[in-house]
Every structure is written in C-alpha cells, then in structure tokens.
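Please read the structure below before turning to the comments.
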Amino acid sequence: MLCDHRPVIPLSLVVVGALVLAAGWMLMRRLGPEARIGRILAVTPRVPVAQAREIAASGANRYVGVFGRVDAEEPFEDEANRPLVLRRTRLELRRGSRWEAFEDHRDVVPLEINEGLDQIAVDGDALDTGLVVVQRESVGVAGDLADRPPEGTPPETPARLRIELLTAVDHALVLGVPVLDPARGPTLRPGLGRPLVLTNLEKDEAMRLLADGGRRNTRIIAILLAGGAVGVLTGLVWAVVDALV
C-alpha cells in the first residue's frame with residue numbers, strides 16, 4: 001500500500017523556516033542596546049521644535065525627534081577650553097567578550113535644543129545608552145590604573161578609558177517624548193518604553209557607529225530572517241496548492 005507523503009514536505013518547510021526565524025530573532029535580541037538605538041533612530045519621525053512644544057502642551061504621548069543647536073546657560077570648560085554641556089567618563093574591564101564599567105562618572109548641566117526662535121529642554125540626566133557621539137578611548141591593562149580597579153582584579157586584565165563629550169556649539173538630533181516640566185517647561189524625556197537618544201552626528205554616521213563591530217552578526221541575522229521567511233512562505237503556498245489539486 002502506497003502512502004502519499006506530499007503534505008510532509010510543506011509542513012517540514014514551515015517548521016524549518018520557523019526555527020530559522022526564531023534563531024535570527026534570538027541572535028538579534030543578543031546584539032545589545034546599540035542595535036535597538038539604531039532601529040529607533042531609523043524609524044522615529046522628526047518634527048520641528050515648535051511642534052514638539054505643542055505636543056508637550058497638549059499632553060499627547062508621542063515619541064519624536066527634533067534637530068537644532070545645543071545650548072546651555074552655564075556650560076563648563078574642559079582642558080581644551082571647549083564649552084561642554086555633558087561629559088561622561090567610564091573605566092571598564094574586559095570580562096570574557098564584554099566590557100564592564102567599574103567607574104562611571106558624568107558631568108551635565110541643564111541643556112536645550114534651539115531651532116530658530118524655538119527651544120525645548122532636554123533631560124540630560126536621563127541620557128545613557130542613547131548618547132551617540134564619537135568616543136575618546138584609551139586601552140591598557142588594569143595594572144596601569146593603580147588601586148582603582150575592584151579588589152582582586154588580575155593586573156593583566158584588559159582595561160580601557162572611554163570619554164564622551166557634548167558641547168554647547170554642537171548641533172544634535174534628540175529623540176524622546178515631549179512633556180511639560182514644572183520647572184523647565186517643554187522637555188524631552190524617555191518614554192513609551194524607549195530611551196532618550198541624542199547624537200551630534202549625521203543619522204547615517206550615527207547608524208554606522210552603532211553598528212561598528214557587529215556587522216558580521218547583522219549580516220547573519222539578515223540571512224536567517226530572510227531564509228526563514230522564505231521557508232515558511234514556500235511551505236504555506238505549497239500546502240495551499242496541494243489542498244486545491
């Protein structure tokens with residue numbers, strides 16, 4: 001007695017395709033916060049500062065981007081006499097495949113974004129993974145840092161210093177939710193499950209910086225997602241055709 005195994009083929013394609021899709025999704029989840037920031041930069045609509053102020057006044061809960069000149073009433077100078085509004089300094093140790101910060105210090109003053117005669121405040125204290133600027137970096141070993149690393153750290157452990165700066169003469173793109181702050185008026189803050197994002201780079205340049213070091217994984221993810229989708233779609237179409245003939 002002969003059995004018709006034709007339905008097994010499309011089912012197998014659907015199952016394999018779904019597994020490949022799941023693998024791509026899991027790998028994408030492991031890319032880290034940089035990949036998520038990149039996706040947010042890519043899809044968030046940009047509005048004029050005047051419209052962002054209107055959104056704050058109306059109480060509408062929208063995540064938008066604004067672009068303009070960074071400004072502050074009281075910037076502070078660094079050793080190069082640059083008028084800074086934010087400086088973040090981190091000391092990190094290499095743990096396996098990741099860098100882990102053991103010191104994280106920031107100096108920030110109240111800042112805002114100006115576009116013509118319109119301005120909106122920015123919650124600089126909320127900037128974390130969403131700060132996308134060119135970093136100053138110095139690499140060495142824990143033994144170079146005297147007694148600053150955690151006790152018990154082997155002196156040969158790779159270490160690095162990272163410094164991020166934002167000046168009062170930069171132009172920046174800021175993404176966030178406009179809200180009314182009792183003290184500062186219209187202000188951009190994190191919201192809707194997304195971080196506050198600020199970059200003084202062109203969007204394409206910021207995306208390349210975020211993707212640096214993860215290009216190979218990004219290509220693998222794209223192949224897995226595309227291949228999985230093709231497998232699932234082919235299996236479903238095959239199953240439909242088999243059912244009709």
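By order in the structure tokens, chains are A, B, ...; within a chain, residues start at 1; ligands start at 1, following the order shown.
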
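Close contacts of segment 86-97 of chain A, defined as residues with an atom at most 6 Å away when counting only C-alpha atoms, with chain neighbours fewer than 2 positions off set aside, comprise Leu84, Trp99, Glu100, Ala101, Phe102, Glu103, Asp104, His105, Arg106, Asp107, Val108, Pro158, Ala159, Arg160, Leu161, Arg162, Ile163, Glu164, Leu165 and Leu166 of chain A.
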
Residue subset to file, keeping N, CA, C and O atoms, as a PDB file, in the first residue's frame:
ATOM      1  N   LEU A  84      31.507  72.708  27.394  1.00  0.00           N
ATOM      2  CA  LEU A  84      30.806  71.429  27.473  1.00  0.00           C
ATOM      3  C   LEU A  84      29.464  71.572  28.175  1.00  0.00           C
ATOM      4  O   LEU A  84      29.300  72.378  29.096  1.00  0.00           O
ATOM      5  N   TRP A  99      32.836  44.327  27.759  1.00  0.00           N
ATOM      6  CA  TRP A  99      33.445  45.328  28.621  1.00  0.00           C
ATOM      7  C   TRP A  99      32.450  45.698  29.709  1.00  0.00           C
ATOM      8  O   TRP A  99      31.292  45.972  29.414  1.00  0.00           O
ATOM      9  N   GLU A 100      32.912  45.718  30.964  1.00  0.00           N
ATOM     10  CA  GLU A 100      32.051  46.069  32.093  1.00  0.00           C
ATOM     11  C   GLU A 100      32.637  47.279  32.815  1.00  0.00           C
ATOM     12  O   GLU A 100      33.815  47.295  33.174  1.00  0.00           O
ATOM     13  N   ALA A 101      31.796  48.312  33.017  1.00  0.00           N
ATOM     14  CA  ALA A 101      32.253  49.531  33.675  1.00  0.00           C
ATOM     15  C   ALA A 101      32.335  49.323  35.186  1.00  0.00           C
ATOM     16  O   ALA A 101      31.424  48.765  35.796  1.00  0.00           O
ATOM     17  N   PHE A 102      33.433  49.777  35.807  1.00  0.00           N
ATOM     18  CA  PHE A 102      33.519  49.762  37.262  1.00  0.00           C
ATOM     19  C   PHE A 102      33.566  51.192  37.814  1.00  0.00           C
ATOM     20  O   PHE A 102      33.445  51.395  39.018  1.00  0.00           O
ATOM     21  N   GLU A 103      33.731  52.162  36.931  1.00  0.00           N
ATOM     22  CA  GLU A 103      33.575  53.571  37.285  1.00  0.00           C
ATOM     23  C   GLU A 103      32.811  54.254  36.159  1.00  0.00           C
ATOM     24  O   GLU A 103      33.131  54.054  34.985  1.00  0.00           O
ATOM     25  N   ASP A 104      31.812  55.030  36.513  1.00  0.00           N
ATOM     26  CA  ASP A 104      31.003  55.736  35.513  1.00  0.00           C
ATOM     27  C   ASP A 104      30.654  57.102  36.090  1.00  0.00           C
ATOM     28  O   ASP A 104      29.817  57.224  36.978  1.00  0.00           O
ATOM     29  N   HIS A 105      31.336  58.123  35.604  1.00  0.00           N
ATOM     30  CA  HIS A 105      31.145  59.471  36.152  1.00  0.00           C
ATOM     31  C   HIS A 105      30.669  60.406  35.046  1.00  0.00           C
ATOM     32  O   HIS A 105      31.176  60.357  33.916  1.00  0.00           O
ATOM     33  N   ARG A 106      29.688  61.251  35.365  1.00  0.00           N
ATOM     34  CA  ARG A 106      29.202  62.209  34.373  1.00  0.00           C
ATOM     35  C   ARG A 106      29.054  63.589  34.982  1.00  0.00           C
ATOM     36  O   ARG A 106      28.706  63.742  36.161  1.00  0.00           O
ATOM     37  N   ASP A 107      29.357  64.579  34.144  1.00  0.00           N
ATOM     38  CA  ASP A 107      29.097  65.981  34.462  1.00  0.00           C
ATOM     39  C   ASP A 107      28.111  66.477  33.414  1.00  0.00           C
ATOM     40  O   ASP A 107      28.367  66.351  32.202  1.00  0.00           O
ATOM     41  N   VAL A 108      26.998  67.037  33.860  1.00  0.00           N
ATOM     42  CA  VAL A 108      25.988  67.522  32.919  1.00  0.00           C
ATOM     43  C   VAL A 108      25.312  68.755  33.507  1.00  0.00           C
ATOM     44  O   VAL A 108      25.090  68.834  34.716  1.00  0.00           O
ATOM     45  N   PRO A 158      42.562  43.292  30.574  1.00  0.00           N
ATOM     46  CA  PRO A 158      42.428  44.443  29.671  1.00  0.00           C
ATOM     47  C   PRO A 158      41.515  45.505  30.276  1.00  0.00           C
ATOM     48  O   PRO A 158      40.480  45.187  30.862  1.00  0.00           O
ATOM     49  N   ALA A 159      41.902  46.764  30.155  1.00  0.00           N
ATOM     50  CA  ALA A 159      41.127  47.882  30.686  1.00  0.00           C
ATOM     51  C   ALA A 159      41.091  49.003  29.651  1.00  0.00           C
ATOM     52  O   ALA A 159      41.966  49.100  28.787  1.00  0.00           O
ATOM     53  N   ARG A 160      40.078  49.838  29.755  1.00  0.00           N
ATOM     54  CA  ARG A 160      40.030  50.989  28.855  1.00  0.00           C
ATOM     55  C   ARG A 160      39.307  52.165  29.504  1.00  0.00           C
ATOM     56  O   ARG A 160      38.462  51.987  30.391  1.00  0.00           O
ATOM     57  N   LEU A 161      39.667  53.350  29.057  1.00  0.00           N
ATOM     58  CA  LEU A 161      39.024  54.596  29.461  1.00  0.00           C
ATOM     59  C   LEU A 161      38.238  55.118  28.267  1.00  0.00           C
ATOM     60  O   LEU A 161      38.782  55.232  27.159  1.00  0.00           O
ATOM     61  N   ARG A 162      36.965  55.439  28.498  1.00  0.00           N
ATOM     62  CA  ARG A 162      36.110  55.983  27.438  1.00  0.00           C
ATOM     63  C   ARG A 162      35.549  57.329  27.892  1.00  0.00           C
ATOM     64  O   ARG A 162      35.039  57.455  29.004  1.00  0.00           O
ATOM     65  N   ILE A 163      35.638  58.321  27.014  1.00  0.00           N
ATOM     66  CA  ILE A 163      35.137  59.657  27.315  1.00  0.00           C
ATOM     67  C   ILE A 163      34.188  60.094  26.197  1.00  0.00           C
ATOM     68  O   ILE A 163      34.534  60.002  25.012  1.00  0.00           O
ATOM     69  N   GLU A 164      32.998  60.552  26.594  1.00  0.00           N
ATOM     70  CA  GLU A 164      32.009  61.066  25.651  1.00  0.00           C
ATOM     71  C   GLU A 164      31.744  62.535  25.985  1.00  0.00           C
ATOM     72  O   GLU A 164      31.525  62.876  27.154  1.00  0.00           O
ATOM     73  N   LEU A 165      31.751  63.394  24.960  1.00  0.00           N
ATOM     74  CA  LEU A 165      31.592  64.825  25.152  1.00  0.00           C
ATOM     75  C   LEU A 165      30.475  65.380  24.279  1.00  0.00           C
ATOM     76  O   LEU A 165      30.261  64.925  23.159  1.00  0.00           O
ATOM     77  N   LEU A 166      29.786  66.389  24.818  1.00  0.00           N
ATOM     78  CA  LEU A 166      28.806  67.151  24.048  1.00  0.00           C
ATOM     79  C   LEU A 166      29.028  68.617  24.384  1.00  0.00           C
ATOM     80  O   LEU A 166      29.088  68.986  25.571  1.00  0.00           O
TER      81      LEU A 166
END

Per residue of segment 14-72 of chain A within 12 Å of segment 232-241 of chain A, what are the shortest atom pair and its distance in Å to one decimal, counting only C-alpha atoms, with rows by chain and residue number, as CSV?
residue,atom,partner,partner_atom,distance
A:Val14,CA,A:Val232,CA,4.2
A:Val15,CA,A:Val232,CA,7.3
A:Val16,CA,A:Val232,CA,7.7
A:Gly17,CA,A:Val232,CA,4.8
A:Ala18,CA,A:Val232,CA,6.3
A:Leu19,CA,A:Val232,CA,9.6
A:Val20,CA,A:Val232,CA,9.5
A:Leu21,CA,A:Val232,CA,8.9
A:Ala22,CA,A:Val232,CA,11.7

Inset, instruction - Could you find all residues in segment 1-234 of chain A that DSSP calls alpha helix (DSSP H) from the backbone, and write them as an MDAnalysis selection string? - result: chainID A and resid 8:29 33:43 49:58 203:211 215:234

Suppose we keep C-alpha atoms; can you now write the selection as an mmCIF file, in the first residue's frame?
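This went into part.cif:
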data_model
loop_
_atom_site.group_PDB
_atom_site.id
_atom_site.type_symbol
_atom_site.label_atom_id
_atom_site.label_comp_id
_atom_site.auth_asym_id
_atom_site.auth_seq_id
_atom_site.Cartn_x
_atom_site.Cartn_y
_atom_site.Cartn_z
ATOM 1 C CA VAL A 8 5.012 16.245 4.842
ATOM 2 C CA ILE A 9 7.223 18.425 2.605
ATOM 3 C CA PRO A 10 5.395 21.757 3.042
ATOM 4 C CA LEU A 11 4.980 21.075 6.767
ATOM 5 C CA SER A 12 8.711 20.454 7.058
ATOM 6 C CA LEU A 13 9.441 23.691 5.204
ATOM 7 C CA VAL A 14 7.199 25.636 7.575
ATOM 8 C CA VAL A 15 8.785 24.063 10.668
ATOM 9 C CA VAL A 16 12.361 24.578 9.455
ATOM 10 C CA GLY A 17 11.571 28.125 8.335
ATOM 11 C CA ALA A 18 10.042 28.926 11.727
ATOM 12 C CA LEU A 19 13.116 27.545 13.506
ATOM 13 C CA VAL A 20 15.426 29.640 11.315
ATOM 14 C CA LEU A 21 13.296 32.734 12.002
ATOM 15 C CA ALA A 22 13.483 32.016 15.740
ATOM 16 C CA ALA A 23 17.273 31.691 15.549
ATOM 17 C CA GLY A 24 17.524 35.031 13.738
ATOM 18 C CA TRP A 25 15.243 36.704 16.270
ATOM 19 C CA MET A 26 17.215 35.329 19.221
ATOM 20 C CA LEU A 27 20.514 36.472 17.709
ATOM 21 C CA MET A 28 19.025 39.911 17.064
ATOM 22 C CA ARG A 29 17.987 40.133 20.721
ATOM 23 C CA PRO A 33 21.338 48.159 23.211
ATOM 24 C CA GLU A 34 23.249 49.615 20.250
ATOM 25 C CA ALA A 35 21.118 47.665 17.774
ATOM 26 C CA ARG A 36 17.928 48.885 19.445
ATOM 27 C CA ILE A 37 19.116 52.501 19.415
ATOM 28 C CA GLY A 38 19.895 52.128 15.713
ATOM 29 C CA ARG A 39 16.384 50.855 14.986
ATOM 30 C CA ILE A 40 14.864 53.735 16.975
ATOM 31 C CA LEU A 41 16.977 56.262 15.052
ATOM 32 C CA ALA A 42 15.869 54.725 11.773
ATOM 33 C CA VAL A 43 12.104 54.869 12.362
ATOM 34 C CA VAL A 49 10.876 72.141 17.813
ATOM 35 C CA ALA A 50 7.713 74.280 17.724
ATOM 36 C CA GLN A 51 5.604 71.161 17.085
ATOM 37 C CA ALA A 52 7.383 69.250 19.875
ATOM 38 C CA ARG A 53 6.448 72.087 22.235
ATOM 39 C CA GLU A 54 2.819 71.794 21.108
ATOM 40 C CA ILE A 55 2.885 68.038 21.767
ATOM 41 C CA ALA A 56 4.164 68.705 25.295
ATOM 42 C CA ALA A 57 1.478 71.314 25.931
ATOM 43 C CA SER A 58 -1.306 69.040 24.649
ATOM 44 C CA LYS A 203 21.972 59.984 11.153
ATOM 45 C CA ASP A 204 23.816 57.683 8.713
ATOM 46 C CA GLU A 205 27.097 58.251 10.549
ATOM 47 C CA ALA A 206 25.431 57.525 13.894
ATOM 48 C CA MET A 207 23.974 54.290 12.485
ATOM 49 C CA ARG A 208 27.411 53.203 11.263
ATOM 50 C CA LEU A 209 28.934 53.969 14.670
ATOM 51 C CA LEU A 210 26.259 51.905 16.425
ATOM 52 C CA ALA A 211 26.789 49.009 14.010
ATOM 53 C CA ARG A 215 28.412 43.977 11.039
ATOM 54 C CA ARG A 216 29.075 40.235 10.718
ATOM 55 C CA ASN A 217 26.284 39.357 13.147
ATOM 56 C CA THR A 218 23.961 41.802 11.399
ATOM 57 C CA ARG A 219 24.544 40.071 8.053
ATOM 58 C CA ILE A 220 23.950 36.654 9.619
ATOM 59 C CA ILE A 221 20.699 37.866 11.186
ATOM 60 C CA ALA A 222 19.510 39.286 7.856
ATOM 61 C CA ILE A 223 20.227 35.966 6.125
ATOM 62 C CA LEU A 224 18.464 33.948 8.842
ATOM 63 C CA LEU A 225 15.372 36.171 8.861
ATOM 64 C CA ALA A 226 15.129 36.243 5.067
ATOM 65 C CA GLY A 227 15.750 32.494 4.716
ATOM 66 C CA GLY A 228 13.281 31.635 7.462
ATOM 67 C CA ALA A 229 10.588 33.842 5.932
ATOM 68 C CA VAL A 230 11.105 32.251 2.509
ATOM 69 C CA GLY A 231 10.880 28.769 4.013
ATOM 70 C CA VAL A 232 7.645 29.493 5.899
ATOM 71 C CA LEU A 233 6.031 31.240 2.918
ATOM 72 C CA THR A 234 7.055 28.478 0.486
#

Inset, instruction - Name the closest residue to Gly191 of chain A among the candidates A:Val177, A:Asp242, A:Val141, A:Glu79; distances are taken between atoms, counting only C-alpha atoms. - result: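 When distances to Gly191 of chain A are compared using only C-alpha atoms, the smallest one comes from A:Val177.
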
Legend entry - atom CA of Gly193 of chain A to atom CA of Gly176 of chain A, distance in Å rounded to a single decimal: 10.3 Å

Inset, instruction - Based on DSSP run over this structure's backbone, return all residues of segment 23-190 of chain A in strand (DSSP E), as a PyMOL selection string. - result: chain A and resi 64-71+76-77+83-95+98-108+111-115+118-122+131-132+136-141+158-167+171-181+185-189

Legend entry - Counting only C-alpha atoms, the option among A:Ala60, A:Val47, A:Val197, A:Val179 closest to Asp125 of chain A: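 Ranking A:Ala60, A:Val47, A:Val197, A:Val179 by distance to Asp125 of chain A, first place goes to A:Val197.
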
Using only C-alpha atoms, determine which residues lie at most 8 Å from segment 63-77 of chain A, disregarding the query and same-chain residues fewer than 3 positions distant; provide the list as a PDB file with N, CA, C and O atoms, in the first residue's frame.
ATOM      1  N   THR A  44      12.081  56.762  13.932  1.00  0.00           N
ATOM      2  CA  THR A  44      11.405  57.839  14.668  1.00  0.00           C
ATOM      3  C   THR A  44      11.209  59.069  13.783  1.00  0.00           C
ATOM      4  O   THR A  44      12.174  59.552  13.177  1.00  0.00           O
ATOM      5  N   PRO A  45       9.985  59.588  13.688  1.00  0.00           N
ATOM      6  CA  PRO A  45       9.742  60.778  12.859  1.00  0.00           C
ATOM      7  C   PRO A  45      10.345  62.026  13.496  1.00  0.00           C
ATOM      8  O   PRO A  45      10.341  62.185  14.718  1.00  0.00           O
ATOM      9  N   ARG A  46      10.881  62.922  12.657  1.00  0.00           N
ATOM     10  CA  ARG A  46      11.432  64.188  13.135  1.00  0.00           C
ATOM     11  C   ARG A  46      10.386  65.290  12.954  1.00  0.00           C
ATOM     12  O   ARG A  46       9.723  65.364  11.908  1.00  0.00           O
ATOM     13  N   VAL A  47      10.237  66.148  13.949  1.00  0.00           N
ATOM     14  CA  VAL A  47       9.291  67.257  13.886  1.00  0.00           C
ATOM     15  C   VAL A  47      10.020  68.546  14.249  1.00  0.00           C
ATOM     16  O   VAL A  47      11.068  68.514  14.893  1.00  0.00           O
ATOM     17  N   PRO A  48       9.491  69.710  13.846  1.00  0.00           N
ATOM     18  CA  PRO A  48      10.093  70.972  14.277  1.00  0.00           C
ATOM     19  C   PRO A  48       9.993  71.123  15.796  1.00  0.00           C
ATOM     20  O   PRO A  48       9.093  70.559  16.427  1.00  0.00           O
ATOM     21  N   VAL A  49      10.901  71.900  16.369  1.00  0.00           N
ATOM     22  CA  VAL A  49      10.876  72.141  17.813  1.00  0.00           C
ATOM     23  C   VAL A  49       9.541  72.750  18.231  1.00  0.00           C
ATOM     24  O   VAL A  49       8.988  72.400  19.287  1.00  0.00           O
ATOM     25  N   ALA A  52       7.092  70.025  18.658  1.00  0.00           N
ATOM     26  CA  ALA A  52       7.383  69.250  19.875  1.00  0.00           C
ATOM     27  C   ALA A  52       6.865  69.987  21.105  1.00  0.00           C
ATOM     28  O   ALA A  52       6.342  69.368  22.037  1.00  0.00           O
ATOM     29  N   ALA A  80      40.674  71.709  27.100  1.00  0.00           N
ATOM     30  CA  ALA A  80      40.882  72.333  25.794  1.00  0.00           C
ATOM     31  C   ALA A  80      40.028  73.589  25.624  1.00  0.00           C
ATOM     32  O   ALA A  80      39.911  74.111  24.513  1.00  0.00           O
ATOM     33  N   ASN A  81      39.439  74.065  26.726  1.00  0.00           N
ATOM     34  CA  ASN A  81      38.601  75.279  26.728  1.00  0.00           C
ATOM     35  C   ASN A  81      37.349  75.148  25.860  1.00  0.00           C
ATOM     36  O   ASN A  81      36.814  76.149  25.382  1.00  0.00           O
ATOM     37  N   ARG A  82      36.877  73.926  25.694  1.00  0.00           N
ATOM     38  CA  ARG A  82      35.613  73.726  24.965  1.00  0.00           C
ATOM     39  C   ARG A  82      34.441  73.910  25.925  1.00  0.00           C
ATOM     40  O   ARG A  82      34.494  73.444  27.065  1.00  0.00           O
ATOM     41  N   PRO A  83      33.364  74.576  25.471  1.00  0.00           N
ATOM     42  CA  PRO A  83      32.195  74.781  26.343  1.00  0.00           C
ATOM     43  C   PRO A  83      31.324  73.520  26.386  1.00  0.00           C
ATOM     44  O   PRO A  83      30.481  73.299  25.520  1.00  0.00           O
ATOM     45  N   LEU A  84      31.507  72.708  27.394  1.00  0.00           N
ATOM     46  CA  LEU A  84      30.806  71.429  27.473  1.00  0.00           C
ATOM     47  C   LEU A  84      29.464  71.572  28.175  1.00  0.00           C
ATOM     48  O   LEU A  84      29.300  72.378  29.096  1.00  0.00           O
ATOM     49  N   VAL A  85      28.495  70.751  27.732  1.00  0.00           N
ATOM     50  CA  VAL A  85      27.233  70.617  28.464  1.00  0.00           C
ATOM     51  C   VAL A  85      27.123  69.232  29.078  1.00  0.00           C
ATOM     52  O   VAL A  85      26.328  69.015  29.992  1.00  0.00           O
ATOM     53  N   VAL A 109      25.030  69.708  32.654  1.00  0.00           N
ATOM     54  CA  VAL A 109      24.308  70.914  33.058  1.00  0.00           C
ATOM     55  C   VAL A 109      22.986  70.947  32.294  1.00  0.00           C
ATOM     56  O   VAL A 109      22.829  70.268  31.278  1.00  0.00           O
ATOM     57  N   PRO A 110      21.992  71.720  32.774  1.00  0.00           N
ATOM     58  CA  PRO A 110      20.722  71.829  32.041  1.00  0.00           C
ATOM     59  C   PRO A 110      20.967  72.302  30.608  1.00  0.00           C
ATOM     60  O   PRO A 110      21.624  73.322  30.389  1.00  0.00           O
ATOM     61  N   LEU A 111      20.479  71.536  29.648  1.00  0.00           N
ATOM     62  CA  LEU A 111      20.703  71.861  28.246  1.00  0.00           C
ATOM     63  C   LEU A 111      19.392  71.892  27.486  1.00  0.00           C
ATOM     64  O   LEU A 111      18.364  71.402  27.965  1.00  0.00           O
ATOM     65  N   GLU A 112      19.447  72.454  26.298  1.00  0.00           N
ATOM     66  CA  GLU A 112      18.252  72.572  25.469  1.00  0.00           C
ATOM     67  C   GLU A 112      18.644  72.530  24.004  1.00  0.00           C
ATOM     68  O   GLU A 112      19.828  72.633  23.651  1.00  0.00           O
ATOM     69  N   ILE A 113      17.644  72.363  23.156  1.00  0.00           N
ATOM     70  CA  ILE A 113      17.828  72.377  21.706  1.00  0.00           C
ATOM     71  C   ILE A 113      17.105  73.599  21.154  1.00  0.00           C
ATOM     72  O   ILE A 113      15.915  73.801  21.429  1.00  0.00           O
ATOM     73  N   ASN A 114      17.829  74.407  20.378  1.00  0.00           N
ATOM     74  CA  ASN A 114      17.265  75.609  19.778  1.00  0.00           C
ATOM     75  C   ASN A 114      17.107  75.420  18.270  1.00  0.00           C
ATOM     76  O   ASN A 114      18.019  74.922  17.599  1.00  0.00           O
ATOM     77  N   GLU A 115      15.964  75.843  17.757  1.00  0.00           N
ATOM     78  CA  GLU A 115      15.723  75.860  16.313  1.00  0.00           C
ATOM     79  C   GLU A 115      15.070  77.208  15.994  1.00  0.00           C
ATOM     80  O   GLU A 115      13.886  77.408  16.257  1.00  0.00           O
ATOM     81  N   THR A 167      29.168  69.461  23.351  1.00  0.00           N
ATOM     82  CA  THR A 167      29.485  70.867  23.584  1.00  0.00           C
ATOM     83  C   THR A 167      28.292  71.765  23.269  1.00  0.00           C
ATOM     84  O   THR A 167      27.336  71.358  22.598  1.00  0.00           O
ATOM     85  N   ALA A 168      28.411  73.003  23.717  1.00  0.00           N
ATOM     86  CA  ALA A 168      27.354  73.987  23.505  1.00  0.00           C
ATOM     87  C   ALA A 168      27.398  74.582  22.104  1.00  0.00           C
ATOM     88  O   ALA A 168      26.610  75.484  21.799  1.00  0.00           O
ATOM     89  N   VAL A 169      28.306  74.107  21.254  1.00  0.00           N
ATOM     90  CA  VAL A 169      28.345  74.580  19.868  1.00  0.00           C
ATOM     91  C   VAL A 169      27.957  73.471  18.894  1.00  0.00           C
ATOM     92  O   VAL A 169      27.973  73.672  17.681  1.00  0.00           O
ATOM     93  N   ASP A 170      27.588  72.307  19.424  1.00  0.00           N
ATOM     94  CA  ASP A 170      27.157  71.193  18.577  1.00  0.00           C
ATOM     95  C   ASP A 170      25.739  71.419  18.068  1.00  0.00           C
ATOM     96  O   ASP A 170      24.937  72.127  18.686  1.00  0.00           O
ATOM     97  N   HIS A 171      25.428  70.772  16.951  1.00  0.00           N
ATOM     98  CA  HIS A 171      24.049  70.581  16.523  1.00  0.00           C
ATOM     99  C   HIS A 171      23.722  69.110  16.776  1.00  0.00           C
ATOM    100  O   HIS A 171      24.565  68.236  16.567  1.00  0.00           O
ATOM    101  N   ALA A 172      22.515  68.841  17.236  1.00  0.00           N
ATOM    102  CA  ALA A 172      22.197  67.477  17.662  1.00  0.00           C
ATOM    103  C   ALA A 172      20.765  67.097  17.283  1.00  0.00           C
ATOM    104  O   ALA A 172      19.874  67.956  17.205  1.00  0.00           O
ATOM    105  N   LEU A 173      20.586  65.800  17.062  1.00  0.00           N
ATOM    106  CA  LEU A 173      19.275  65.193  16.906  1.00  0.00           C
ATOM    107  C   LEU A 173      18.921  64.536  18.227  1.00  0.00           C
ATOM    108  O   LEU A 173      19.712  63.747  18.759  1.00  0.00           O
ATOM    109  N   VAL A 174      17.756  64.874  18.771  1.00  0.00           N
ATOM    110  CA  VAL A 174      17.327  64.323  20.059  1.00  0.00           C
ATOM    111  C   VAL A 174      15.978  63.646  19.881  1.00  0.00           C
ATOM    112  O   VAL A 174      15.055  64.232  19.289  1.00  0.00           O
ATOM    113  N   LEU A 175      15.863  62.407  20.366  1.00  0.00           N
ATOM    114  CA  LEU A 175      14.619  61.645  20.290  1.00  0.00           C
ATOM    115  C   LEU A 175      14.082  61.421  21.701  1.00  0.00           C
ATOM    116  O   LEU A 175      14.823  61.001  22.586  1.00  0.00           O
ATOM    117  N   GLY A 176      12.795  61.704  21.890  1.00  0.00           N
ATOM    118  CA  GLY A 176      12.185  61.499  23.191  1.00  0.00           C
ATOM    119  C   GLY A 176      10.721  61.869  23.175  1.00  0.00           C
ATOM    120  O   GLY A 176      10.146  62.162  22.119  1.00  0.00           O
ATOM    121  N   VAL A 177      10.121  61.854  24.339  1.00  0.00           N
ATOM    122  CA  VAL A 177       8.707  62.215  24.500  1.00  0.00           C
ATOM    123  C   VAL A 177       8.636  63.628  25.066  1.00  0.00           C
ATOM    124  O   VAL A 177       9.153  63.874  26.159  1.00  0.00           O
ATOM    125  N   PRO A 178       8.033  64.586  24.347  1.00  0.00           N
ATOM    126  CA  PRO A 178       7.905  65.946  24.880  1.00  0.00           C
ATOM    127  C   PRO A 178       6.868  65.987  26.009  1.00  0.00           C
ATOM    128  O   PRO A 178       5.733  65.543  25.838  1.00  0.00           O
ATOM    129  N   GLY A 191      10.473  57.745  27.248  1.00  0.00           N
ATOM    130  CA  GLY A 191       9.066  57.414  27.403  1.00  0.00           C
ATOM    131  C   GLY A 191       8.623  56.373  26.405  1.00  0.00           C
ATOM    132  O   GLY A 191       9.333  56.046  25.447  1.00  0.00           O
ATOM    133  N   LEU A 192       7.432  55.820  26.633  1.00  0.00           N
ATOM    134  CA  LEU A 192       6.849  54.783  25.766  1.00  0.00           C
ATOM    135  C   LEU A 192       7.792  53.594  25.625  1.00  0.00           C
ATOM    136  O   LEU A 192       7.864  52.960  24.571  1.00  0.00           O
TER     137      LEU A 192
END
